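Text of the file query_2.pdb, holding PDB, C-alpha atoms:
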```pdb
ATOM      1  CA  ARG A1031     123.058 120.448  80.871
ATOM      2  CA  VAL A1032     120.078 118.088  80.997
ATOM      3  CA  ILE A1033     121.830 115.827  83.506
ATOM      4  CA  TRP A1034     123.109 118.801  85.510
ATOM      5  CA  GLY A1035     119.655 120.389  85.505
ATOM      6  CA  SER A1036     118.172 117.270  87.057
ATOM      7  CA  ARG A1037     119.921 118.155  90.327
ATOM      8  CA  VAL A1038     117.781 121.261  90.786
ATOM      9  CA  SER A1039     114.455 119.688  89.804
ATOM     10  CA  ILE A1040     114.891 116.527  91.880
ATOM     11  CA  ALA A1041     116.396 118.421  94.828
ATOM     12  CA  VAL A1042     113.449 120.833  94.908
ATOM     13  CA  GLY A1043     110.977 117.943  94.661
ATOM     14  CA  ILE A1044     112.543 115.920  97.475
ATOM     15  CA  ALA A1045     113.066 118.946  99.731
ATOM     16  CA  ALA A1046     109.504 120.206  99.206
ATOM     17  CA  VAL A1047     108.074 116.753  99.929
ATOM     18  CA  PHE A1048     110.175 116.477 103.097
ATOM     19  CA  VAL A1049     109.279 119.938 104.452
ATOM     20  CA  SER A1050     105.573 119.712 103.608
ATOM     21  CA  GLY A1051     105.430 116.153 104.942
ATOM     22  CA  LEU A1052     107.096 117.155 108.200
ATOM     23  CA  ILE A1053     104.608 119.979 108.748
ATOM     24  CA  GLY A1054     101.588 117.989 107.583
ATOM     25  CA  ILE A1055     102.316 114.824 109.546
ATOM     26  CA  THR A1056     102.926 116.808 112.749
ATOM     27  CA  THR A1057      99.727 118.830 112.466
ATOM     28  CA  GLY A1058      97.755 115.754 111.410
ATOM     29  CA  LEU A1059      98.917 113.779 114.439
ATOM     30  CA  ILE A1060      98.053 116.630 116.793
ATOM     31  CA  ALA A1061      94.639 117.304 115.222
ATOM     32  CA  GLY A1062      93.652 113.636 115.092
ATOM     33  CA  TYR A1063      94.847 112.720 118.556
ATOM     34  CA  TYR A1064      93.539 115.676 120.542
ATOM     35  CA  GLY A1065      90.401 116.478 118.515
ATOM     36  CA  GLY A1066      88.017 119.101 119.852
ATOM     37  CA  LYS A1067      89.126 122.727 119.678
ATOM     38  CA  ILE A1068      92.666 121.905 118.572
ATOM     39  CA  ASP A1069      91.342 119.883 115.670
ATOM     40  CA  ALA A1070      88.920 122.689 114.786
ATOM     41  CA  ILE A1071      91.701 125.297 114.773
ATOM     42  CA  ILE A1072      94.019 123.187 112.597
ATOM     43  CA  SER A1073      91.149 122.329 110.245
ATOM     44  CA  ARG A1074      90.308 126.027 109.810
ATOM     45  CA  ILE A1075      93.957 126.794 109.078
ATOM     46  CA  VAL A1076      93.926 124.049 106.443
ATOM     47  CA  ASP A1077      90.745 125.450 104.894
ATOM     48  CA  ALA A1078      92.198 128.965 104.854
ATOM     49  CA  THR A1079      95.386 127.707 103.197
ATOM     50  CA  LEU A1080      93.431 125.854 100.531
ATOM     51  CA  ALA A1081      91.362 128.984  99.861
ATOM     52  CA  ILE A1082      94.464 130.895  98.718
ATOM     53  CA  PRO A1083      95.258 130.259  95.021
ATOM     54  CA  PHE A1084      98.536 128.375  94.821
ATOM     55  CA  VAL A1085      99.965 130.452  91.976
ATOM     56  CA  LEU A1086      99.171 133.703  93.791
ATOM     57  CA  LEU A1087     100.782 132.427  97.001
ATOM     58  CA  ALA A1088     103.898 131.218  95.192
ATOM     59  CA  ILE A1089     104.321 134.427  93.182
ATOM     60  CA  SER A1090     103.913 136.521  96.332
ATOM     61  CA  ILE A1091     106.534 134.541  98.260
ATOM     62  CA  ILE A1092     109.045 134.565  95.408
ATOM     63  CA  ALA A1093     108.423 138.273  94.685
ATOM     64  CA  ILE A1094     109.017 139.194  98.338
ATOM     65  CA  LEU A1095     111.908 136.845  99.143
ATOM     66  CA  GLY A1096     113.449 136.557  95.692
ATOM     67  CA  ALA A1097     113.978 133.657  93.295
ATOM     68  CA  SER A1098     116.157 130.966  94.857
ATOM     69  CA  LEU A1099     116.127 127.248  95.542
ATOM     70  CA  GLN A1100     115.122 127.679  99.192
ATOM     71  CA  ASN A1101     112.284 130.088  98.421
ATOM     72  CA  ILE A1102     110.822 127.772  95.780
ATOM     73  CA  VAL A1103     110.800 124.918  98.288
ATOM     74  CA  LEU A1104     109.149 127.204 100.850
ATOM     75  CA  ALA A1105     106.497 128.363  98.379
ATOM     76  CA  ILE A1106     105.583 124.780  97.456
ATOM     77  CA  ALA A1107     105.683 123.409 101.016
ATOM     78  CA  LEU A1108     103.448 126.142 102.438
ATOM     79  CA  ARG A1109     100.581 124.840 100.321
ATOM     80  CA  THR A1110     101.041 121.094  99.970
ATOM     81  CA  TRP A1111     101.354 120.296 103.697
ATOM     82  CA  THR A1112      97.549 120.317 103.900
ATOM     83  CA  VAL A1113      97.345 117.024 101.982
ATOM     84  CA  TYR A1114      99.401 115.194 104.596
ATOM     85  CA  THR A1115      97.427 116.808 107.421
ATOM     86  CA  ARG A1116      94.114 115.534 106.112
ATOM     87  CA  VAL A1117      95.379 112.017 105.419
ATOM     88  CA  VAL A1118      97.096 111.620 108.808
ATOM     89  CA  ARG A1119      94.239 113.254 110.730
ATOM     90  CA  GLY A1120      91.690 110.816 109.313
ATOM     91  CA  GLU A1121      93.797 107.757 110.077
ATOM     92  CA  VAL A1122      94.659 108.900 113.607
ATOM     93  CA  PHE A1123      90.966 109.434 114.341
ATOM     94  CA  SER A1124      90.326 105.747 113.694
ATOM     95  CA  LEU A1125      93.531 104.487 115.328
ATOM     96  CA  LYS A1126      93.273 106.327 118.628
ATOM     97  CA  GLU A1127      90.177 104.334 119.640
ATOM     98  CA  THR A1128      91.808 100.944 119.087
ATOM     99  CA  ASP A1129      92.888  98.576 121.864
ATOM    100  CA  MET A1130      96.526  99.288 121.059
ATOM    101  CA  ILE A1131      96.253 102.967 122.015
ATOM    102  CA  THR A1132      93.971 102.231 124.965
ATOM    103  CA  GLY A1133      96.520  99.746 126.306
ATOM    104  CA  ALA A1134      99.354 102.234 125.827
ATOM    105  CA  ARG A1135      97.462 104.842 127.816
ATOM    106  CA  SER A1136      96.720 102.331 130.553
ATOM    107  CA  ALA A1137     100.403 101.451 130.733
ATOM    108  CA  GLY A1138     101.216 105.113 131.429
ATOM    109  CA  CYS A1139     102.642 106.096 128.041
ATOM    110  CA  GLY A1140     102.775 109.833 127.463
ATOM    111  CA  THR A1141     101.216 111.651 124.524
ATOM    112  CA  VAL A1142     104.476 112.155 122.635
ATOM    113  CA  ARG A1143     105.432 108.483 123.033
ATOM    114  CA  ILE A1144     102.026 107.329 121.794
ATOM    115  CA  MET A1145     102.283 109.590 118.742
ATOM    116  CA  LEU A1146     105.826 108.588 117.831
ATOM    117  CA  ILE A1147     105.837 104.891 118.764
ATOM    118  CA  TYR A1148     102.258 103.770 118.112
ATOM    119  CA  LEU A1149     100.560 106.209 115.737
ATOM    120  CA  LEU A1150     103.331 107.403 113.420
ATOM    121  CA  PRO A1151     104.414 103.932 112.200
ATOM    122  CA  ASN A1152     100.800 103.082 111.394
ATOM    123  CA  VAL A1153     100.274 106.159 109.219
ATOM    124  CA  PHE A1154     103.730 106.060 107.627
ATOM    125  CA  SER A1155     102.694 103.867 104.684
ATOM    126  CA  SER A1156      99.909 106.255 103.664
ATOM    127  CA  THR A1157     102.136 109.309 103.922
ATOM    128  CA  LEU A1158     104.868 107.533 101.941
ATOM    129  CA  VAL A1159     102.422 106.908  99.093
ATOM    130  CA  VAL A1160     101.271 110.545  99.168
ATOM    131  CA  ALA A1161     104.873 111.750  99.184
ATOM    132  CA  THR A1162     105.791 109.573  96.210
ATOM    133  CA  ILE A1163     102.789 110.698  94.180
ATOM    134  CA  TYR A1164     103.353 114.356  95.031
ATOM    135  CA  LEU A1165     107.061 114.186  94.203
ATOM    136  CA  GLY A1166     106.231 114.203  90.500
ATOM    137  CA  ARG A1167     103.933 117.158  91.002
ATOM    138  CA  MET A1168     106.669 119.066  92.836
ATOM    139  CA  ILE A1169     109.075 118.492  89.947
ATOM    140  CA  ILE A1170     106.527 119.859  87.482
ATOM    141  CA  ILE A1171     105.829 122.892  89.678
ATOM    142  CA  GLU A1172     109.548 123.697  89.869
ATOM    143  CA  ALA A1173     109.855 123.347  86.096
ATOM    144  CA  SER A1174     106.851 125.659  85.661
ATOM    145  CA  PHE A1175     108.418 128.297  87.919
ATOM    146  CA  SER A1176     111.701 128.082  86.024
ATOM    147  CA  PHE A1177     109.861 128.288  82.697
ATOM    148  CA  LEU A1178     108.137 131.489  83.842
ATOM    149  CA  GLY A1179     111.385 132.989  85.103
ATOM    150  CA  MET A1180     110.536 132.614  88.797
ATOM    151  CA  GLY A1181     112.804 129.666  89.502
ATOM    152  CA  VAL A1182     116.514 129.347  90.110
ATOM    153  CA  PRO A1183     118.126 132.211  88.166
ATOM    154  CA  PRO A1184     120.557 131.567  85.275
ATOM    155  CA  PRO A1185     123.197 130.421  84.552
ATOM    156  CA  THR A1186     122.209 127.416  86.704
ATOM    157  CA  PRO A1187     120.546 124.973  84.267
ATOM    158  CA  THR A1188     117.060 123.704  85.082
ATOM    159  CA  TRP A1189     114.654 121.717  82.955
ATOM    160  CA  GLY A1190     112.052 124.476  82.969
ATOM    161  CA  GLY A1191     114.652 127.134  82.176
ATOM    162  CA  MET A1192     115.996 125.064  79.280
ATOM    163  CA  LEU A1193     112.478 124.696  77.885
ATOM    164  CA  ALA A1194     111.948 128.455  78.113
ATOM    165  CA  PHE A1195     115.285 129.167  76.406
ATOM    166  CA  GLY A1196     114.808 126.627  73.629
ATOM    167  CA  ARG A1197     111.294 127.690  72.600
ATOM    168  CA  GLY A1198     112.792 130.565  70.603
ATOM    169  CA  TYR A1199     114.822 128.122  68.499
ATOM    170  CA  LEU A1200     112.256 125.425  67.715
ATOM    171  CA  ASP A1201     112.657 125.929  63.949
ATOM    172  CA  THR A1202     116.452 125.635  63.911
ATOM    173  CA  ALA A1203     117.439 123.727  67.105
ATOM    174  CA  TRP A1204     114.496 121.615  68.237
ATOM    175  CA  TRP A1205     116.693 119.451  70.460
ATOM    176  CA  LEU A1206     117.130 122.318  72.918
ATOM    177  CA  THR A1207     113.547 121.740  74.116
ATOM    178  CA  PHE A1208     113.025 118.111  73.102
ATOM    179  CA  PHE A1209     115.546 116.480  75.422
ATOM    180  CA  PRO A1210     114.708 118.476  78.592
ATOM    181  CA  GLY A1211     111.011 117.910  77.867
ATOM    182  CA  ILE A1212     111.299 114.159  77.330
ATOM    183  CA  VAL A1213     113.495 113.711  80.424
ATOM    184  CA  LEU A1214     111.021 115.717  82.513
ATOM    185  CA  THR A1215     108.139 113.609  81.199
ATOM    186  CA  LEU A1216     109.887 110.289  81.848
ATOM    187  CA  THR A1217     110.954 111.339  85.343
ATOM    188  CA  VAL A1218     107.450 112.360  86.411
ATOM    189  CA  LEU A1219     105.966 109.251  84.798
ATOM    190  CA  SER A1220     108.438 107.009  86.635
ATOM    191  CA  VAL A1221     107.695 108.673  89.972
ATOM    192  CA  ASN A1222     103.930 108.325  89.454
ATOM    193  CA  LEU A1223     104.287 104.640  88.564
ATOM    194  CA  LEU A1224     106.386 104.157  91.683
ATOM    195  CA  GLY A1225     103.659 105.808  93.756
ATOM    196  CA  ASP A1226     100.986 103.540  92.270
ATOM    197  CA  TRP A1227     103.129 100.478  92.979
ATOM    198  CA  LEU A1228     103.716 101.539  96.587
ATOM    199  CA  ARG A1229      99.995 102.104  97.064
ATOM    200  CA  ASP A1230      99.242  98.603  95.805
ATOM    201  CA  VAL A1231     101.919  97.077  98.024
ATOM    202  CA  LEU A1232     101.283  99.017 101.226
ATOM    203  CA  ASP A1233      97.484  99.362 101.211
ATOM    204  CA  PRO A1234      96.020  96.334 103.047
ATOM    205  CA  ARG A1235      92.540  97.058 101.658
ATOM    206  CA  LEU A1236      93.751  96.449  98.111
ATOM    207  CA  LYS A1237      95.393  93.200  99.240
ATOM    208  CA  ARG A1238      92.088  91.988 100.665
ATOM    209  CA  LEU A1239      90.304  92.796  97.388
ATOM    210  CA  ASP A1240      92.906  90.808  95.421
ATOM    211  CA  ASP A1241      92.491  87.834  97.742
TER     212      ASP A1241
END
```

Please go through the file and, once you have read it, give me the structure as structure tokens.
Amino acid sequence: RVIWGSRVSIAVGIAAVFVSGLIGITTGLIAGYYGGKIDAIISRIVDATLAIPFVLLAISIIAILGASLQNIVLAIALRTWTVYTRVVRGEVFSLKETDMITGARSAGCGTVRIMLIYLLPNVFSSTLVVATIYLGRMIIIEASFSFLGMGVPPPTPTWGGMLAFGRGYLDTAWWLTFFPGIVLTLTVLSVNLLGDWLRDVLDPRLKRLDD
């Protein structure tokens, strides 16, 4: 059941990272490249999203749409896309004034081509680090929802659901909570260490400091 339950937790984490990253990278590219009123509108949407408590937003979505794998991914992605937007927006602001982008414009490249060919590859390393770090957080959020009864409904095993079930048997069957808990901890720890390693490898500023 622990191994089978990993499918739900990891699937939710990867899907939520993909959906939120897709939304956040797109809005970040648009806000950073165009600036002005478009940037102001997207920035206000980001601020409004961050002003809504995450737990309240997630409970509302799950209560309205029901507890399922897709709705959990939606609830998580509708909040975490703002992180990608801010990271990408800041990098695009500095990249769009470089000679590379100026030369692409002079050569007649369209806006979509500049975003996809010139800007996106240059912000990909930063978004990959954010995605890796947030993957562990997504797994914990899914486990928290399942623990509270708002995740994937039984009998599908999930780490959070197994922790919630086993807490009533801690005196007689401690292993019901120990093994899901230790696997959840090791998984999140491994993902966070992977994110730190990617940041060290892909961030050129850290390389310059080491040199």

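If you apply the PyMOL selection byres ((chain A and resi 1145-1158) around 8) to this structure, you end up with Gly1051, Ile1055, Leu1059, Tyr1114, Val1117, Val1118, Glu1121, Val1122, Leu1125, Lys1126, Met1130, Ile1131, Thr1141, Val1142, Arg1143, Ile1144, Val1159, Val1160, Ala1161, Thr1162, Arg1229, Leu1232 and Asp1233 of chain A.
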
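Across the model, the gap from atom CA of A:Pro1210 to atom CA of A:Val1049 is 26.5 Å.
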
> So which residues get picked by the PyMOL selection byres ((chain A and resi 1165-1167) around 7) here, written as number ranges by chain?
Replying inline: A: 1043-1044, 1047, 1161-1164, 1168-1171, 1218, 1221-1222

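Relative to atom CA of A:Leu1108, atom CA of A:Tyr1063 is found at 22.7 Å.
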
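We find atom CA of A:Thr1188 and atom CA of A:Thr1215 to be spaced 14.0 Å apart.
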
>> Taking the file as I've supplied it (selection: the PyMOL selection byres ((chain A and resi 1196) around 12)), which residues are included? Please answer as number ranges by chain.
In response: A: 1177, 1189-1195, 1197-1211

With C-alpha atoms kept, could you save the residues just selected as a compact mmCIF listing (two decimals), keeping the file's coordinate frame?
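Wrote it out as part38.txt, contents follow:
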```txt
# COMPACT_ATOMS: atom_id res chain seq x y z
CA PHE A 1177 109.86 128.29 82.70
CA TRP A 1189 114.65 121.72 82.96
CA GLY A 1190 112.05 124.48 82.97
CA GLY A 1191 114.65 127.13 82.18
CA MET A 1192 116.00 125.06 79.28
CA LEU A 1193 112.48 124.70 77.89
CA ALA A 1194 111.95 128.46 78.11
CA PHE A 1195 115.28 129.17 76.41
CA ARG A 1197 111.29 127.69 72.60
CA GLY A 1198 112.79 130.56 70.60
CA TYR A 1199 114.82 128.12 68.50
CA LEU A 1200 112.26 125.42 67.72
CA ASP A 1201 112.66 125.93 63.95
CA THR A 1202 116.45 125.64 63.91
CA ALA A 1203 117.44 123.73 67.10
CA TRP A 1204 114.50 121.62 68.24
CA TRP A 1205 116.69 119.45 70.46
CA LEU A 1206 117.13 122.32 72.92
CA THR A 1207 113.55 121.74 74.12
CA PHE A 1208 113.02 118.11 73.10
CA PHE A 1209 115.55 116.48 75.42
CA PRO A 1210 114.71 118.48 78.59
CA GLY A 1211 111.01 117.91 77.87
```

> Which one is closest to A:Gly1058: A:Ile1094, A:Ala1081, A:Val1038, A:Ile1071? Count only C-alpha atoms.
Replying inline: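 Between A:Ile1094, A:Ala1081, A:Val1038, A:Ile1071, the residue approaching A:Gly1058 most closely is A:Ile1071.
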
>> Between A:Ala1070, A:Ala1173, A:Val1182, A:Ile1102, which residue has the minimum interatomic distance to A:Ala1045, considering only C-alpha atoms?
In response: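 Of all the options, A:Ile1102 lies closest to A:Ala1045.
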
> Which is closer to A:Glu1127 than all the others in A:Gly1181, A:Leu1099, A:Asp1230, A:Tyr1064, using only C-alpha atoms?
Replying inline: A:Tyr1064

>> Ranking A:Asp1226, A:Pro1184, A:Thr1115, A:Thr1217 by minimum distance to A:Thr1079 and counting all atoms listed in the file, which one comes first?
In response: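 The closest residue to A:Thr1079 is A:Thr1115.
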
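The nearest approach to A:Ile1053 among the residues A:Ala1134, A:Ile1082, A:Ser1174, A:Val1076, with all atoms listed in the file taken into account, belongs to A:Val1076.
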
Can you rebuild stretch 1051-1071 of chain A with N, CA, C and O atoms and give it as a compact mmCIF listing (two decimals), keeping the file's coordinate frame?
```txt
# COMPACT_ATOMS: atom_id res chain seq x y z
N GLY A 1051 105.80 117.34 104.19
CA GLY A 1051 105.43 116.15 104.94
C GLY A 1051 105.68 116.31 106.43
O GLY A 1051 104.87 115.86 107.25
N LEU A 1052 106.79 116.94 106.79
CA LEU A 1052 107.10 117.16 108.20
C LEU A 1052 106.03 118.02 108.87
O LEU A 1052 105.54 117.71 109.97
N ILE A 1053 105.64 119.09 108.20
CA ILE A 1053 104.61 119.98 108.75
C ILE A 1053 103.26 119.27 108.79
O ILE A 1053 102.54 119.30 109.80
N GLY A 1054 102.90 118.61 107.68
CA GLY A 1054 101.59 117.99 107.58
C GLY A 1054 101.40 116.82 108.52
O GLY A 1054 100.34 116.67 109.14
N ILE A 1055 102.42 115.97 108.65
CA ILE A 1055 102.32 114.82 109.55
C ILE A 1055 102.20 115.29 111.00
O ILE A 1055 101.40 114.75 111.78
N THR A 1056 102.98 116.30 111.37
CA THR A 1056 102.93 116.81 112.75
C THR A 1056 101.55 117.38 113.08
O THR A 1056 100.95 117.04 114.11
N THR A 1057 101.04 118.23 112.21
CA THR A 1057 99.73 118.83 112.47
C THR A 1057 98.61 117.80 112.39
O THR A 1057 97.63 117.87 113.14
N GLY A 1058 98.76 116.80 111.50
CA GLY A 1058 97.76 115.75 111.41
C GLY A 1058 97.70 114.89 112.65
O GLY A 1058 96.62 114.52 113.12
N LEU A 1059 98.88 114.55 113.20
CA LEU A 1059 98.92 113.78 114.44
C LEU A 1059 98.28 114.54 115.59
O LEU A 1059 97.49 113.99 116.37
N ILE A 1060 98.60 115.82 115.70
CA ILE A 1060 98.05 116.63 116.79
C ILE A 1060 96.54 116.78 116.65
O ILE A 1060 95.79 116.61 117.62
N ALA A 1061 96.08 117.11 115.43
CA ALA A 1061 94.64 117.30 115.22
C ALA A 1061 93.86 116.02 115.45
O ALA A 1061 92.80 116.03 116.09
N GLY A 1062 94.37 114.89 114.94
CA GLY A 1062 93.65 113.64 115.09
C GLY A 1062 93.66 113.10 116.50
O GLY A 1062 92.67 112.51 116.95
N TYR A 1063 94.75 113.29 117.22
CA TYR A 1063 94.85 112.72 118.56
C TYR A 1063 94.06 113.54 119.58
O TYR A 1063 93.33 112.97 120.40
N TYR A 1064 94.20 114.84 119.54
CA TYR A 1064 93.54 115.68 120.54
C TYR A 1064 92.07 115.95 120.19
O TYR A 1064 91.21 115.97 121.06
N GLY A 1065 91.78 116.18 118.91
CA GLY A 1065 90.40 116.48 118.52
C GLY A 1065 89.91 117.79 119.13
O GLY A 1065 90.69 118.64 119.56
N GLY A 1066 88.60 117.95 119.19
CA GLY A 1066 88.02 119.10 119.85
C GLY A 1066 88.45 120.43 119.25
O GLY A 1066 88.49 120.60 118.03
N LYS A 1067 88.78 121.38 120.12
CA LYS A 1067 89.13 122.73 119.68
C LYS A 1067 90.43 122.75 118.88
O LYS A 1067 90.55 123.51 117.91
N ILE A 1068 91.39 121.94 119.30
CA ILE A 1068 92.67 121.90 118.57
C ILE A 1068 92.45 121.42 117.14
O ILE A 1068 93.00 121.98 116.19
N ASP A 1069 91.66 120.39 117.01
CA ASP A 1069 91.34 119.88 115.67
C ASP A 1069 90.60 120.93 114.85
O ASP A 1069 90.87 121.11 113.66
N ALA A 1070 89.68 121.65 115.49
CA ALA A 1070 88.92 122.69 114.79
C ALA A 1070 89.84 123.81 114.31
O ALA A 1070 89.71 124.31 113.18
N ILE A 1071 90.78 124.22 115.15
CA ILE A 1071 91.70 125.30 114.77
C ILE A 1071 92.58 124.88 113.60
O ILE A 1071 92.74 125.61 112.62
```
